[in-house]
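Asks: The file below is coords.pdb, PDB, C-alpha atoms and all ligand atoms:
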```
ATOM      1  CA  MET A  11      72.269 -14.287 -41.883
ATOM      2  CA  ALA A  12      69.739 -12.044 -43.620
ATOM      3  CA  ASN A  13      66.252 -12.292 -42.107
ATOM      4  CA  SER A  14      64.798 -12.917 -45.488
ATOM      5  CA  VAL A  15      66.237 -16.424 -46.002
ATOM      6  CA  LYS A  16      63.628 -19.119 -45.324
ATOM      7  CA  PHE A  17      64.581 -22.790 -45.136
ATOM      8  CA  LEU A  18      62.010 -25.355 -46.075
ATOM      9  CA  LYS A  19      62.557 -29.065 -45.704
ATOM     10  CA  PHE A  20      60.284 -31.604 -47.390
ATOM     11  CA  THR A  21      60.169 -35.381 -47.227
ATOM     12  CA  ASN A  22      61.331 -35.799 -50.804
ATOM     13  CA  LYS A  23      61.975 -33.846 -53.986
ATOM     14  CA  GLU A  24      58.511 -34.581 -55.381
ATOM     15  CA  VAL A  25      56.758 -32.847 -52.489
ATOM     16  CA  ALA A  26      59.348 -30.068 -52.491
ATOM     17  CA  SER A  27      58.861 -29.432 -56.210
ATOM     18  CA  PHE A  28      55.101 -29.454 -55.778
ATOM     19  CA  TYR A  29      55.476 -26.733 -53.146
ATOM     20  CA  ALA A  30      57.813 -24.654 -55.323
ATOM     21  CA  ALA A  31      55.446 -24.876 -58.291
ATOM     22  CA  SER A  32      52.457 -23.941 -56.129
ATOM     23  CA  ALA A  33      54.358 -20.951 -54.745
ATOM     24  CA  ILE A  34      55.222 -19.739 -58.266
ATOM     25  CA  TYR A  35      51.672 -20.297 -59.411
ATOM     26  CA  ARG A  36      50.254 -18.307 -56.499
ATOM     27  CA  LEU A  37      52.735 -15.506 -57.038
ATOM     28  CA  PHE A  38      51.710 -15.271 -60.660
ATOM     29  CA  ALA A  39      48.037 -15.253 -59.761
ATOM     30  CA  TYR A  40      48.645 -12.307 -57.416
ATOM     31  CA  ALA A  41      50.999 -10.448 -59.735
ATOM     32  CA  ILE A  42      48.596 -10.352 -62.665
ATOM     33  CA  GLY A  43      46.133  -8.439 -60.535
ATOM     34  CA  GLU A  44      48.476  -5.550 -61.206
ATOM     35  CA  GLU A  45      51.182  -6.160 -63.759
ATOM     36  CA  LYS A  46      53.648  -8.611 -65.230
ATOM     37  CA  MET A  47      55.796 -11.194 -63.510
ATOM     38  CA  VAL A  48      59.246 -12.331 -64.600
ATOM     39  CA  LEU A  49      60.025 -15.969 -63.886
ATOM     40  CA  GLY A  50      63.782 -16.450 -64.148
ATOM     41  CA  THR A  51      64.438 -20.052 -65.091
ATOM     42  CA  ALA A  52      67.334 -22.444 -64.512
ATOM     43  CA  THR A  53      68.214 -25.552 -66.491
ATOM     44  CA  GLY A  54      69.707 -28.750 -65.032
ATOM     45  CA  GLN A  55      68.163 -31.721 -63.257
ATOM     46  CA  THR A  56      66.874 -29.978 -60.157
ATOM     47  CA  PRO A  57      63.925 -27.902 -61.441
ATOM     48  CA  VAL A  58      62.548 -30.546 -63.824
ATOM     49  CA  LEU A  59      59.754 -31.710 -61.505
ATOM     50  CA  THR A  60      58.867 -28.142 -60.578
ATOM     51  CA  TYR A  61      58.414 -27.254 -64.244
ATOM     52  CA  ARG A  62      56.335 -30.382 -64.823
ATOM     53  CA  GLU A  63      54.062 -29.516 -61.931
ATOM     54  CA  LEU A  64      53.800 -25.882 -62.974
ATOM     55  CA  ILE A  65      52.771 -26.898 -66.474
ATOM     56  CA  ARG A  66      50.205 -29.306 -65.036
ATOM     57  CA  LEU A  67      48.779 -26.534 -62.846
ATOM     58  CA  ALA A  68      48.763 -24.126 -65.773
ATOM     59  CA  ARG A  69      46.897 -26.550 -68.030
ATOM     60  CA  LYS A  70      44.225 -27.044 -65.409
ATOM     61  CA  SER A  71      43.707 -23.368 -64.855
ATOM     62  CA  GLU A  72      42.602 -20.530 -67.009
ATOM     63  CA  ILE A  73      45.058 -18.135 -65.432
ATOM     64  CA  PHE A  74      47.939 -19.043 -67.701
ATOM     65  CA  THR A  75      45.855 -19.591 -70.793
ATOM     66  CA  ASN A  76      44.133 -16.254 -70.438
ATOM     67  CA  TYR A  77      46.930 -14.156 -68.998
ATOM     68  CA  GLY A  78      50.207 -15.966 -69.726
ATOM     69  CA  GLU A  79      51.014 -14.145 -72.930
ATOM     70  CA  LYS A  80      50.366 -10.758 -71.525
ATOM     71  CA  TYR A  81      51.664 -11.103 -68.007
ATOM     72  CA  LEU A  82      54.337 -13.799 -67.743
ATOM     73  CA  ILE A  83      57.894 -13.283 -68.955
ATOM     74  CA  LEU A  84      60.210 -16.300 -68.825
ATOM     75  CA  ARG A  85      63.863 -15.395 -68.684
ATOM     76  CA  GLN A  86      66.659 -17.957 -68.736
ATOM     77  CA  LEU A  87      69.657 -17.530 -66.463
ATOM     78  CA  ASP A  88      72.387 -18.602 -68.811
ATOM     79  CA  ASN A  89      73.315 -20.382 -72.009
ATOM     80  CA  TYR A  90      76.296 -21.995 -73.666
ATOM     81  CA  ILE A  91      77.924 -20.383 -76.656
ATOM     82  CA  SER A  92      78.148 -23.288 -79.090
ATOM     83  CA  PRO A  93      80.506 -22.803 -82.027
ATOM     84  CA  ASP A  94      78.481 -24.998 -84.389
ATOM     85  CA  ALA A  95      75.001 -23.767 -83.487
ATOM     86  CA  THR A  96      72.835 -21.763 -85.863
ATOM     87  CA  ALA A  97      69.408 -20.250 -85.280
ATOM     88  CA  ASP A  98      67.637 -23.220 -86.862
ATOM     89  CA  ASN A  99      70.101 -25.937 -86.000
ATOM     90  CA  LEU A 100      70.694 -26.123 -82.287
ATOM     91  CA  PRO A 101      72.776 -28.965 -80.853
ATOM     92  CA  ASN A 102      70.791 -31.608 -78.981
ATOM     93  CA  TYR A 103      72.293 -30.559 -75.604
ATOM     94  CA  SER A 104      71.043 -27.007 -76.151
ATOM     95  CA  TYR A 105      69.549 -25.311 -73.094
ATOM     96  CA  GLN A 106      66.961 -23.858 -75.450
ATOM     97  CA  ILE A 107      65.788 -27.331 -76.431
ATOM     98  CA  GLU A 108      65.700 -28.355 -72.774
ATOM     99  CA  LEU A 109      63.541 -25.333 -71.979
ATOM    100  CA  GLU A 110      61.286 -25.856 -74.982
ATOM    101  CA  ASN A 111      60.641 -29.373 -73.721
ATOM    102  CA  SER A 112      59.872 -28.215 -70.228
ATOM    103  CA  ILE A 113      58.978 -24.776 -68.910
ATOM    104  CA  TRP A 114      58.494 -23.140 -72.300
ATOM    105  CA  LYS A 115      55.523 -25.466 -72.704
ATOM    106  CA  LEU A 116      53.631 -23.074 -70.468
ATOM    107  CA  PRO A 117      50.992 -21.672 -72.762
ATOM    108  CA  ASN A 118      51.547 -18.319 -74.426
ATOM    109  CA  CYS A 119      54.524 -16.949 -72.546
ATOM    110  CA  GLY A 120      57.154 -14.540 -73.736
ATOM    111  CA  ALA A 121      60.588 -16.179 -73.341
ATOM    112  CA  TYR A 122      64.157 -14.879 -73.413
ATOM    113  CA  ILE A 123      67.466 -16.744 -73.545
ATOM    114  CA  PRO A 124      70.962 -15.534 -74.520
ATOM    115  CA  LYS A 125      71.603 -16.615 -78.107
ATOM    116  CA  GLU A 126      73.735 -19.720 -78.202
ATOM    117  CA  TYR A 127      74.787 -19.038 -81.777
ATOM    118  CA  ALA A 128      75.795 -15.407 -81.173
ATOM    119  CA  GLU A 129      78.755 -14.527 -83.354
ATOM    120  CA  ASP A 130      79.884 -11.897 -80.913
ATOM    121  CA  PRO A 131      79.260 -13.199 -77.367
ATOM    122  CA  GLU A 132      80.238  -9.892 -75.726
ATOM    123  CA  GLU A 133      77.692  -8.024 -77.816
ATOM    124  CA  GLU A 134      75.068 -10.668 -77.016
ATOM    125  CA  ALA A 135      75.855 -10.312 -73.293
ATOM    126  CA  ASP A 136      75.268  -6.548 -73.558
ATOM    127  CA  LYS A 137      71.948  -7.137 -75.311
ATOM    128  CA  TYR A 138      70.903  -9.622 -72.659
ATOM    129  CA  ALA A 139      71.831  -7.156 -69.904
ATOM    130  CA  GLN A 140      69.476  -4.681 -71.570
ATOM    131  CA  ILE A 141      66.718  -7.333 -71.713
ATOM    132  CA  ILE A 142      67.169  -7.940 -67.990
ATOM    133  CA  GLN A 143      66.888  -4.237 -67.233
ATOM    134  CA  ASP A 144      63.850  -3.762 -69.464
ATOM    135  CA  THR A 145      61.967  -6.807 -68.208
ATOM    136  CA  ASN A 146      62.731  -5.900 -64.580
ATOM    137  CA  ALA A 147      61.309  -2.457 -65.221
ATOM    138  CA  GLU A 148      58.195  -3.890 -66.876
ATOM    139  CA  ALA A 149      57.416  -6.426 -64.162
ATOM    140  CA  LYS A 150      55.723  -5.941 -60.829
ATOM    141  CA  LEU A 151      57.477  -9.017 -59.512
ATOM    142  CA  VAL A 152      60.714 -10.815 -60.424
ATOM    143  CA  VAL A 153      60.894 -14.401 -59.231
ATOM    144  CA  GLN A 154      64.169 -16.227 -59.858
ATOM    145  CA  LEU A 155      64.424 -20.010 -59.672
ATOM    146  CA  LEU A 156      67.928 -21.369 -59.025
ATOM    147  CA  GLY A 157      69.808 -24.649 -58.726
ATOM    148  CA  ILE A 158      73.205 -24.924 -57.041
ATOM    149  CA  GLY A 159      76.480 -26.602 -58.051
ATOM    150  CA  ASP A 160      77.162 -29.697 -55.921
ATOM    151  CA  GLU A 161      80.668 -28.969 -54.774
ATOM    152  CA  ASP A 162      81.461 -25.336 -55.421
ATOM    153  CA  GLY A 163      78.056 -23.684 -54.857
ATOM    154  CA  HIS A 164      77.932 -22.078 -58.304
ATOM    155  CA  ILE A 165      74.702 -20.360 -59.300
ATOM    156  CA  ALA A 166      74.022 -19.964 -63.016
ATOM    157  CA  PHE A 167      77.570 -19.936 -64.477
ATOM    158  CA  ASN A 168      78.905 -17.761 -61.661
ATOM    159  CA  MET A 169      81.900 -19.624 -60.378
ATOM    160  CA  PRO A 170      84.016 -19.341 -57.189
ATOM    161  CA  GLY A 171      85.849 -16.013 -57.185
ATOM    162  CA  ASP A 172      83.214 -14.131 -59.227
ATOM    163  CA  SER A 173      82.109 -10.814 -57.797
ATOM    164  CA  PHE A 174      78.784 -10.592 -55.957
ATOM    165  CA  GLU A 175      78.096  -7.442 -57.968
ATOM    166  CA  SER A 176      78.558  -8.999 -61.404
ATOM    167  CA  THR A 177      76.024  -8.430 -64.164
ATOM    168  CA  VAL A 178      75.517 -10.400 -67.410
ATOM    169  CA  HIS A 179      78.888 -11.538 -68.730
ATOM    170  CA  VAL A 180      80.696 -14.035 -70.911
ATOM    171  CA  VAL A 181      82.327 -16.902 -69.020
ATOM    172  CA  GLU A 182      85.207 -19.122 -70.055
ATOM    173  CA  LEU A 183      84.315 -22.481 -68.525
ATOM    174  CA  ASN A 184      87.008 -23.726 -66.136
ATOM    175  CA  GLU A 185      88.347 -27.289 -66.246
ATOM    176  CA  GLU A 186      86.230 -28.445 -63.333
ATOM    177  CA  THR A 187      83.028 -27.180 -64.979
ATOM    178  CA  ILE A 188      83.979 -28.744 -68.303
ATOM    179  CA  ARG A 189      84.572 -32.073 -66.561
ATOM    180  CA  ALA A 190      81.315 -31.868 -64.574
ATOM    181  CA  ASN A 191      79.295 -30.917 -67.679
ATOM    182  CA  ALA A 192      80.959 -33.666 -69.733
ATOM    183  CA  ASN A 193      79.937 -36.262 -67.162
ATOM    184  CA  LYS A 194      76.423 -34.912 -66.754
ATOM    185  CA  PHE A 195      75.443 -34.156 -70.335
ATOM    186  CA  PHE A 196      78.082 -35.352 -72.838
ATOM    187  CA  GLY A 197      78.701 -38.996 -71.930
ATOM    188  CA  GLY A 198      82.038 -38.028 -70.369
ATOM    189  CA  ASP A 199      83.439 -36.545 -73.604
ATOM    190  CA  GLU A 200      85.066 -33.260 -72.578
ATOM    191  CA  SER A 201      85.820 -32.287 -76.172
ATOM    192  CA  LYS A 202      82.081 -31.862 -76.803
ATOM    193  CA  VAL A 203      81.504 -29.344 -74.009
ATOM    194  CA  PRO A 204      81.283 -25.729 -75.227
ATOM    195  CA  ARG A 205      84.088 -23.576 -73.794
ATOM    196  CA  LYS A 206      82.086 -20.409 -73.312
ATOM    197  CA  ALA A 207      78.761 -19.365 -71.871
ATOM    198  CA  ILE A 208      76.775 -16.228 -71.214
ATOM    199  CA  THR A 209      75.493 -15.920 -67.692
ATOM    200  CA  THR A 210      73.347 -13.609 -65.644
ATOM    201  CA  GLY A 211      75.571 -12.173 -62.897
ATOM    202  CA  ILE A 212      75.162 -12.562 -59.159
ATOM    203  CA  GLY A 213      74.293  -8.857 -58.943
ATOM    204  CA  ASP A 214      71.411  -9.418 -61.386
ATOM    205  CA  ILE A 215      70.171 -12.424 -59.414
ATOM    206  CA  LEU A 216      70.172 -10.373 -56.201
ATOM    207  CA  GLU A 217      67.893  -7.806 -57.857
ATOM    208  CA  SER A 218      65.054 -10.368 -57.913
ATOM    209  CA  ASP A 219      62.193  -9.830 -55.480
ATOM    210  CA  ILE A 220      61.884 -13.505 -54.668
ATOM    211  CA  ILE A 221      64.614 -16.115 -55.151
ATOM    212  CA  ILE A 222      63.707 -19.784 -54.951
ATOM    213  CA  LEU A 223      66.760 -22.010 -54.679
ATOM    214  CA  GLU A 224      66.042 -25.712 -54.975
ATOM    215  CA  ALA A 225      68.545 -28.408 -53.986
ATOM    216  CA  PHE A 226      67.838 -32.114 -53.757
ATOM    217  CA  GLY A 227      69.908 -35.152 -52.817
ATOM    218  CA  LYS A 228      72.858 -35.957 -50.583
ATOM    219  CA  ALA A 229      75.469 -34.487 -52.947
ATOM    220  CA  LYS A 230      74.167 -30.967 -52.218
ATOM    221  CA  ALA A 231      73.921 -31.296 -48.407
ATOM    222  CA  ASP A 232      77.349 -29.969 -47.552
ATOM    223  CA  ILE A 233      77.356 -27.009 -49.919
ATOM    224  CA  ILE A 234      73.903 -25.939 -48.737
ATOM    225  CA  TRP A 235      75.190 -25.723 -45.178
ATOM    226  CA  LYS A 236      78.354 -23.876 -46.254
ATOM    227  CA  SER A 237      76.410 -21.445 -48.446
ATOM    228  CA  PHE A 238      74.028 -20.325 -45.734
ATOM    229  CA  PHE A 239      75.744 -20.967 -42.410
ATOM    230  CA  THR A 240      79.307 -19.773 -42.993
ATOM    231  CA  GLU A 241      80.446 -16.197 -43.711
ATOM    232  CA  PRO A 242      79.433 -15.080 -47.210
ATOM    233  CA  SER A 243      82.439 -15.347 -49.503
ATOM    234  CA  THR A 244      82.955 -15.072 -53.236
ATOM    235  CA  GLU A 245      84.563 -18.530 -52.973
ATOM    236  CA  ILE A 246      80.999 -19.861 -52.555
ATOM    237  CA  PRO A 247      78.795 -18.021 -55.089
ATOM    238  CA  ALA A 248      75.499 -19.137 -53.490
ATOM    239  CA  SER A 249      76.535 -17.550 -50.185
ATOM    240  CA  ALA A 250      75.724 -14.202 -51.850
ATOM    241  CA  LEU A 251      72.067 -15.035 -51.207
ATOM    242  CA  GLN A 252      72.665 -14.376 -47.508
ATOM    243  CA  ILE A 253      73.238 -10.714 -48.237
ATOM    244  CA  SER A 254      70.225  -9.980 -50.385
ATOM    245  CA  ASP A 255      68.108  -7.041 -49.149
ATOM    246  CA  GLU A 256      65.892  -7.638 -46.176
ATOM    247  CA  ASN A 257      62.824  -6.702 -48.191
ATOM    248  CA  LYS A 258      63.525  -9.536 -50.630
ATOM    249  CA  VAL A 259      62.658 -13.150 -49.968
ATOM    250  CA  VAL A 260      64.992 -16.113 -50.457
ATOM    251  CA  LEU A 261      63.370 -19.548 -50.218
ATOM    252  CA  VAL A 262      65.738 -22.491 -49.904
ATOM    253  CA  ILE A 263      63.721 -25.576 -50.792
ATOM    254  CA  LEU A 264      65.316 -28.840 -49.694
ATOM    255  CA  ASP A 265      64.540 -32.513 -49.349
ATOM    256  CA  GLU A 266      65.590 -34.633 -46.348
ATOM    257  CA  GLU A 267      68.894 -35.516 -47.981
ATOM    258  CA  SER A 268      70.020 -32.060 -49.059
ATOM    259  CA  ALA A 269      68.934 -30.711 -45.655
ATOM    260  CA  SER A 270      70.839 -33.378 -43.709
ATOM    261  CA  VAL A 271      73.999 -31.386 -42.883
ATOM    262  CA  VAL A 272      71.966 -28.305 -41.892
ATOM    263  CA  SER A 273      69.776 -30.492 -39.659
ATOM    264  CA  GLU A 274      72.770 -32.121 -38.060
ATOM    265  CA  LYS A 275      74.755 -28.939 -37.410
ATOM    266  CA  GLU A 276      72.027 -26.361 -36.833
ATOM    267  CA  GLY A 277      69.072 -28.369 -35.528
ATOM    268  CA  GLU A 278      65.492 -28.535 -36.758
ATOM    269  CA  GLU A 279      64.559 -25.074 -35.518
ATOM    270  CA  VAL A 280      66.148 -23.383 -38.523
ATOM    271  CA  PHE A 281      63.472 -24.783 -40.819
ATOM    272  CA  ASP A 282      60.422 -22.645 -41.454
ATOM    273  CA  ASN A 283      56.832 -23.717 -41.628
ATOM    274  CA  PRO A 284      55.816 -23.922 -45.311
ATOM    275  CA  LEU A 285      52.399 -22.381 -44.687
ATOM    276  CA  ASP A 286      53.851 -19.415 -42.769
ATOM    277  CA  VAL A 287      56.174 -18.852 -45.696
ATOM    278  CA  PHE A 288      53.234 -18.616 -48.076
ATOM    279  CA  GLU A 289      51.848 -15.929 -45.799
ATOM    280  CA  SER A 290      55.086 -14.008 -45.746
ATOM    281  CA  ILE A 291      55.412 -13.994 -49.524
ATOM    282  CA  GLU A 292      51.825 -12.831 -49.815
ATOM    283  CA  TYR A 293      52.690 -10.033 -47.381
ATOM    284  CA  HIS A 294      55.655  -9.200 -49.596
ATOM    285  CA  ILE A 295      53.429  -8.845 -52.626
ATOM    286  CA  PHE A 296      50.717  -6.796 -51.024
ATOM    287  CA  CYS A 297      52.830  -4.582 -48.832
ATOM    288  CA  ASN A 298      55.880  -3.754 -50.948
TER     289      ASN A 298
HETATM  290  C1  LIG A 301      71.289 -23.860 -64.656
HETATM  291  C2  LIG A 301      72.564 -23.512 -64.129
HETATM  292  C3  LIG A 301      73.370 -24.283 -63.112
HETATM  293  C4  LIG A 301      72.635 -25.424 -62.394
HETATM  294  C5  LIG A 301      73.611 -26.169 -61.455
HETATM  295  C6  LIG A 301      72.962 -27.359 -60.799
HETATM  296  O1  LIG A 301      70.830 -22.899 -65.613
HETATM  297  O2  LIG A 301      73.002 -22.508 -64.536
HETATM  298  O3  LIG A 301      73.874 -23.366 -62.186
HETATM  299  O4  LIG A 301      71.578 -24.896 -61.656
HETATM  300  O5  LIG A 301      74.720 -26.610 -62.183
HETATM  301  O6  LIG A 301      72.622 -28.312 -61.768
HETATM  302  P1  LIG A 301      71.688 -29.549 -61.423
HETATM  303  O7  LIG A 301      70.345 -29.019 -61.115
HETATM  304  O8  LIG A 301      71.687 -30.377 -62.693
HETATM  305  O9  LIG A 301      72.326 -30.247 -60.265
END
```
Output the structure of this file as structure tokens.
Replies:
Amino acid sequence: MANSVKFLKFTNKEVASFYAASAIYRLFAYAIGEEKMVLGTATGQTPVLTYRELIRLARKSEIFTNYGEKYLILRQLDNYISPDATADNLPNYSYQIELENSIWKLPNCGAYIPKEYAEDPEEEADKYAQIIQDTNAEAKLVVQLLGIGDEDGHIAFNMPGDSFESTVHVVELNEETIRANANKFFGGDESKVPRKAITTGIGDILESDIIILEAFGKAKADIIWKSFFTEPSTEIPASALQISDENKVVLVILDEESASVVSEKEGEEVFDNPLDVFESIEYHIFCN
């Protein structure tokens, strides 16, 4: 396993999310001393509490209000392509609406998301690839927040079999994903789930300086173990995080339940001390 992967286990998802938000907040505070920071965002259930806490921290501090607009770039991982969407009429399941109601409430930030209503998804994917390149070049620090698919270990819309080198691309959702999305977001009605999406590739994700993967609850316990303690394989997209450069940092933030299989099979020694991890990410910022 790459030295850079740090495992952190917290009593519950509230404490874990509080830690993740504090880490992001501290990183931003350091980054603005020099330049901009990209915060790559994920949608889904997992990061909701982290966003809430980050917004609470931001409202209490002048750092975001004074520097957010100039120094923080929010960049969404992926988006559906919805056939009926238009620029001013997004469907209620829209990722954009979800983000506007959560992390985009951070004051004054620039925000990017692939256009859900793009007439030509391939062209939109190319434009988004350019945005990723440009924002990476502009930023001193790229922090990417990730969730993970319960059974197959997908990250963003990168599914089993996708190359670890992939960049932004258009995805045709497979049957399993359509079923899972229907159950999660569309009251079980598969006909309502969009068939296509634009996703950041695994190669793009691996370019980030700091990756924070959050996973909470029993349903993620098995895939977390497989992703980080078996040989990296394209059959488990999240296992790509094992092979990120040694000078990058991957934080895997878990609660007791999602950490249970790792604890059982690998023992408690694999978990890092949360305060030491703060120190190592500070080292990363100052010494890279
Ligand atoms: C989010 C995303 C997905 C989710 C994953 C887990 O933008 O692309 O990869 O992170 O499906 O979803 P939750 O957090 O709802 O379990």
Asks: Ligand LIG 301 (chain A): which residues are within 9 Å, counting only C-alpha atoms and all ligand atoms, as a PyMOL selection string?
Replies: chain A and resi 51-58+86-89+105+155-160+163-168+187+190-191+194+209-210+223-226+230
Asks: If you apply the PyMOL selection byres (((chain A and resi 91-100) around 8) and not hetatm) to this file, what residues do you get, as a VMD selection string?
Replies: chain A and resid 89 to 90 101 to 102 104 107 125 to 128 131 204 to 208
Asks: Could you give me, as a PDB file with C-alpha atoms, keeping the file's coordinate frame, the residues within 12 Å of stretch 287-293 of chain A, counting all atoms listed in the file and dropping anything in the same chain fewer than 3 positions from it?
Replies:
```pdb
ATOM      1  CA  ASN A  13      66.252 -12.292 -42.107  1.00  0.00           C
ATOM      2  CA  SER A  14      64.798 -12.917 -45.488  1.00  0.00           C
ATOM      3  CA  VAL A  15      66.237 -16.424 -46.002  1.00  0.00           C
ATOM      4  CA  LYS A  16      63.628 -19.119 -45.324  1.00  0.00           C
ATOM      5  CA  PHE A  17      64.581 -22.790 -45.136  1.00  0.00           C
ATOM      6  CA  LEU A  18      62.010 -25.355 -46.075  1.00  0.00           C
ATOM      7  CA  TYR A  29      55.476 -26.733 -53.146  1.00  0.00           C
ATOM      8  CA  ALA A  30      57.813 -24.654 -55.323  1.00  0.00           C
ATOM      9  CA  SER A  32      52.457 -23.941 -56.129  1.00  0.00           C
ATOM     10  CA  ALA A  33      54.358 -20.951 -54.745  1.00  0.00           C
ATOM     11  CA  ILE A  34      55.222 -19.739 -58.266  1.00  0.00           C
ATOM     12  CA  TYR A  35      51.672 -20.297 -59.411  1.00  0.00           C
ATOM     13  CA  ARG A  36      50.254 -18.307 -56.499  1.00  0.00           C
ATOM     14  CA  LEU A  37      52.735 -15.506 -57.038  1.00  0.00           C
ATOM     15  CA  PHE A  38      51.710 -15.271 -60.660  1.00  0.00           C
ATOM     16  CA  ALA A  39      48.037 -15.253 -59.761  1.00  0.00           C
ATOM     17  CA  TYR A  40      48.645 -12.307 -57.416  1.00  0.00           C
ATOM     18  CA  ALA A  41      50.999 -10.448 -59.735  1.00  0.00           C
ATOM     19  CA  LEU A 151      57.477  -9.017 -59.512  1.00  0.00           C
ATOM     20  CA  VAL A 153      60.894 -14.401 -59.231  1.00  0.00           C
ATOM     21  CA  ASP A 219      62.193  -9.830 -55.480  1.00  0.00           C
ATOM     22  CA  ILE A 220      61.884 -13.505 -54.668  1.00  0.00           C
ATOM     23  CA  ILE A 221      64.614 -16.115 -55.151  1.00  0.00           C
ATOM     24  CA  ILE A 222      63.707 -19.784 -54.951  1.00  0.00           C
ATOM     25  CA  ASN A 257      62.824  -6.702 -48.191  1.00  0.00           C
ATOM     26  CA  LYS A 258      63.525  -9.536 -50.630  1.00  0.00           C
ATOM     27  CA  VAL A 259      62.658 -13.150 -49.968  1.00  0.00           C
ATOM     28  CA  VAL A 260      64.992 -16.113 -50.457  1.00  0.00           C
ATOM     29  CA  LEU A 261      63.370 -19.548 -50.218  1.00  0.00           C
ATOM     30  CA  VAL A 262      65.738 -22.491 -49.904  1.00  0.00           C
ATOM     31  CA  ILE A 263      63.721 -25.576 -50.792  1.00  0.00           C
ATOM     32  CA  PHE A 281      63.472 -24.783 -40.819  1.00  0.00           C
ATOM     33  CA  ASP A 282      60.422 -22.645 -41.454  1.00  0.00           C
ATOM     34  CA  ASN A 283      56.832 -23.717 -41.628  1.00  0.00           C
ATOM     35  CA  PRO A 284      55.816 -23.922 -45.311  1.00  0.00           C
ATOM     36  CA  PHE A 296      50.717  -6.796 -51.024  1.00  0.00           C
ATOM     37  CA  CYS A 297      52.830  -4.582 -48.832  1.00  0.00           C
ATOM     38  CA  ASN A 298      55.880  -3.754 -50.948  1.00  0.00           C
TER      39      ASN A 298
END
```
Asks: Which is closest to A:Asn146 among A:Glu134, A:Glu24, A:Glu276, A:Glu45, if we use only C-alpha atoms?
Replies: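 When distances to A:Asn146 are compared using only C-alpha atoms, the smallest one comes from A:Glu45.
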Asks: Extract, using all atoms listed in the file, all DNA, RNA and protein residues at most 10 Å from A:Ile65, discarding same-chain residues fewer than 2 positions from it, and format them as a PyMOL selection string.
Replies: chain A and resi 31+35+59-63+67-71+74+112-117
Asks: Let me have the centre and edge lengths of the axis-aligned box enclosing all listed atoms of stretch 162-179 of chain A with 5 Å padding on every side, in Å to one decimal, as AutoDock Vina command-line options.
Replies:
```
--center_x 79.9 --center_y -16.4 --center_z -61.8 --size_x 21.8 --size_y 27.9 --size_z 23.9
```
Asks: Name the residues captured by the PyMOL selection byres (((chain A and resi 246) around 7) and not hetatm) when it is applied to the shown file; answer as a list in words.
Replies: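 Those residues are Asp162, Gly163, His164, Pro170, Ser237, Ser243, Thr244, Glu245, Pro247, Ala248 and Ser249 of chain A.
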Asks: For A:Gly211, which of A:Ala149, A:Val271, A:Ala135, A:Ile253 is the closest residue, counting only C-alpha atoms?
Replies: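 For A:Gly211, the nearest of the given residues is A:Ala135.
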Asks: Using all atoms listed in the file, find the one residue out of A:Ile212, A:Val152, A:Leu251, A:Val203 that sits nearest to A:Tyr103.
Replies: A:Val203
Asks: Show me as a list of chain:residue names the residues that reach within 8 Å of (66.9, -35.2, -48.0), counting all atoms listed in the file and using the file's own coordinates.
Replies: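 Within 8 Å of (66.9, -35.2, -48.0), the protein and nucleic acid residues are A:Lys19, A:Phe20, A:Thr21, A:Asn22, A:Lys23, A:Phe226, A:Gly227, A:Lys228, A:Leu264, A:Asp265, A:Glu266, A:Glu267, A:Ser268, A:Ala269, A:Ser270.
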Asks: Between atom CA of A:Gln154 and atom CA of A:Lys80, what is the spacing in Å?
Replies: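 Going from atom CA of A:Lys80 over to atom CA of A:Gln154, I get 18.9 Å.
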Asks: To one decimal in Å, tell me the separation between atom CA of A:Met169 and atom CA of A:Glu217.
Replies: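 Straight-line distance from atom CA of A:Met169 to atom CA of A:Glu217 works out to 18.5 Å.
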Asks: Calculate how many Å separate atom CA of A:Tyr122 from atom CA of A:Phe28, rounding to one decimal.
Replies: 24.6 Å
Asks: Identify all residues satisfying the PyMOL selection byres (((chain A and resi 79) around 12) and not hetatm) in the given file; provide them as a list in words.
Replies: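 Checked against the file, the PyMOL selection byres (((chain A and resi 79) around 12) and not hetatm) matches Ile42, Lys46, Met47, Val48, Ile73, Phe74, Thr75, Asn76, Tyr77, Gly78, Lys80, Tyr81, Leu82, Ile83, Leu84, Trp114, Leu116, Pro117, Asn118, Cys119, Gly120 and Ala121 of chain A.
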